Amino acid sequence: MNNQRHKRRESYSILLISNTGRTSRQFQLSTVAIRLLLVILLLTCTVAGLLAYTYSTAHKVQTELRTRLSEQEQLVTTLTAENTSLKEEQQTLTEENEALKRESEQYAQEARAAAEAMAAAEAAAEEEAEPESDSTYPSRYPSSGASVLSSSYSEEQPYLTITTYTDSTIVAAGDGTVVAVASDDIYHHIIEIEHESGFKTRYLCHQEASVEVEEGAQVKAGDLLLTITADDTQMDYQVLNAEGPVDPLSVIDAKG
């Protein structure tokens with residue numbers, strides 16, 4: 001009964017014999033020891049596999065990082081070269097822009113100078129073309145102040161009729177000599193001036209006014225002859241030359 005209950009544990013023997021056959025060694029291993037060795041071996045293989053996988057992964061990552069770093073370095077080098085090239089281009093463009101500005105300013109100065117020279121030449125040409133004004137020519141309008149041209153020159157009425165108002169003045173149309181200060185049944189005041197240009201001018205006032213010159217006086221164009229003292233005072237203005245009356249508007253300066 002006892003022999004049946006107590007079974008002998010199974011064990012394994014390992015015999016090591018030298019190649020000369022002189023010595024040998026025998027080891028006995030139980031099933032538990034063998035299983036423990038197998039477990040240790042399995043764990044060792046597993047750890048070795050994990051270490052190999054970790055190393056391989058780390059090496060791969062390191063290789064990728066080195067590749068990326070190399071690419072980044074190349075990119076930085078390329079960008080640095082492009083930046084240097086762009087700076088050089090910018091410097092060139094700046095210099096060209098400044099040169100264009102200088103040329104533009106020079107052209108503008110030359111254009112202004114040419115325009116000024118042309119204007120001066122035109123002014124000189126106009127001055128040469130225009131004869132000097134003759135102050136003895138009765139080219140001035142005879143009324144100064146508020147006035148209205150009431151009627152024009154005609155063969156039936158060889159003079160201008162001008163309606164004037166209080167404080168208006170009658171002035172000499174050109175340089176000359178007062179040869180008459182008179183009146184008659186039609187006109188309260190008659191003033192006649194002879195001009196060296198060959199013209200005569202007559203200022204014929206219908207109403208009473210203040211006479212400002214005397215016979216024999218030398219007058220300049222624009223000198224005061226009469227001061228109007230009442231509204232709606234009419235004055236007839238006549239211009240004569242050697243041939244007789246002429247239209248005053250034909251000799252009055254446009255600025256008169």
# chains A, B, ... in the order shown; residues from 1 in each chain; ligands from 1
$ select_by_dssp --residues "stretch 104-191 of chain A" --states "strand (DSSP E)" --output "MDAnalysis selection string"
chainID A and resid 143:144 147:151 160:164 169:171 176:182 189:191
$ write_last_selection --atoms "C-alpha atoms" --output "mmCIF file, in the first residue's frame"
data_model
loop_
_atom_site.group_PDB
_atom_site.id
_atom_site.type_symbol
_atom_site.label_atom_id
_atom_site.label_comp_id
_atom_site.auth_asym_id
_atom_site.auth_seq_id
_atom_site.Cartn_x
_atom_site.Cartn_y
_atom_site.Cartn_z
ATOM 1 C CA SER A 143 -17.174 156.957 -67.580
ATOM 2 C CA SER A 144 -15.946 155.664 -64.229
ATOM 3 C CA SER A 147 -23.149 153.861 -65.767
ATOM 4 C CA VAL A 148 -25.169 152.308 -68.568
ATOM 5 C CA LEU A 149 -24.613 152.566 -72.318
ATOM 6 C CA SER A 150 -28.040 153.831 -73.438
ATOM 7 C CA SER A 151 -27.506 154.087 -77.189
ATOM 8 C CA LEU A 160 -22.562 157.234 -77.620
ATOM 9 C CA THR A 161 -25.178 158.080 -74.997
ATOM 10 C CA ILE A 162 -24.225 157.027 -71.470
ATOM 11 C CA THR A 163 -26.588 157.210 -68.479
ATOM 12 C CA THR A 164 -24.694 157.878 -65.246
ATOM 13 C CA THR A 169 -17.297 160.505 -62.856
ATOM 14 C CA ILE A 170 -16.494 161.443 -66.441
ATOM 15 C CA VAL A 171 -12.792 161.002 -67.238
ATOM 16 C CA GLY A 176 -4.502 165.833 -74.384
ATOM 17 C CA THR A 177 -5.314 169.510 -73.983
ATOM 18 C CA VAL A 178 -8.675 170.883 -72.892
ATOM 19 C CA VAL A 179 -9.549 173.287 -75.726
ATOM 20 C CA ALA A 180 -13.112 174.124 -74.649
ATOM 21 C CA VAL A 181 -15.232 174.173 -71.473
ATOM 22 C CA ALA A 182 -18.653 175.553 -72.496
ATOM 23 C CA HIS A 189 -21.588 171.182 -69.987
ATOM 24 C CA ILE A 190 -19.417 170.709 -73.081
ATOM 25 C CA ILE A 191 -15.771 169.705 -72.685
#
$ residues_around --residues "A:Tyr165" --least-positions-apart "6" --cutoff "10 Å" --atoms "only C-alpha atoms" --output "ChimeraX atom specification"
/A:145-148,227-234
$ residues_around --residues "A:Ser250" --least-positions-apart "5" --cutoff "12 Å" --atoms "only C-alpha atoms" --output "JSON, numbers by chain"
{"A": [137, 138, 139, 140, 141, 152, 153, 159, 160, 238, 239, 240, 245, 256]}
$ select_by_dssp --residues "stretch 58-246 of chain A" --states "alpha helix (DSSP H)" --output "PyMOL selection string"
chain A and resi 58-129
$ atom_distance --atom1 "atom CA of A:Asp134" --atom2 "atom CA of A:Asp236"
24.0 Å
$ closest_residue --among "A:Val213, A:Ala173, A:Val219, A:Ile186" --to "A:Val251" --atoms "only C-alpha atoms"
A:Ala173
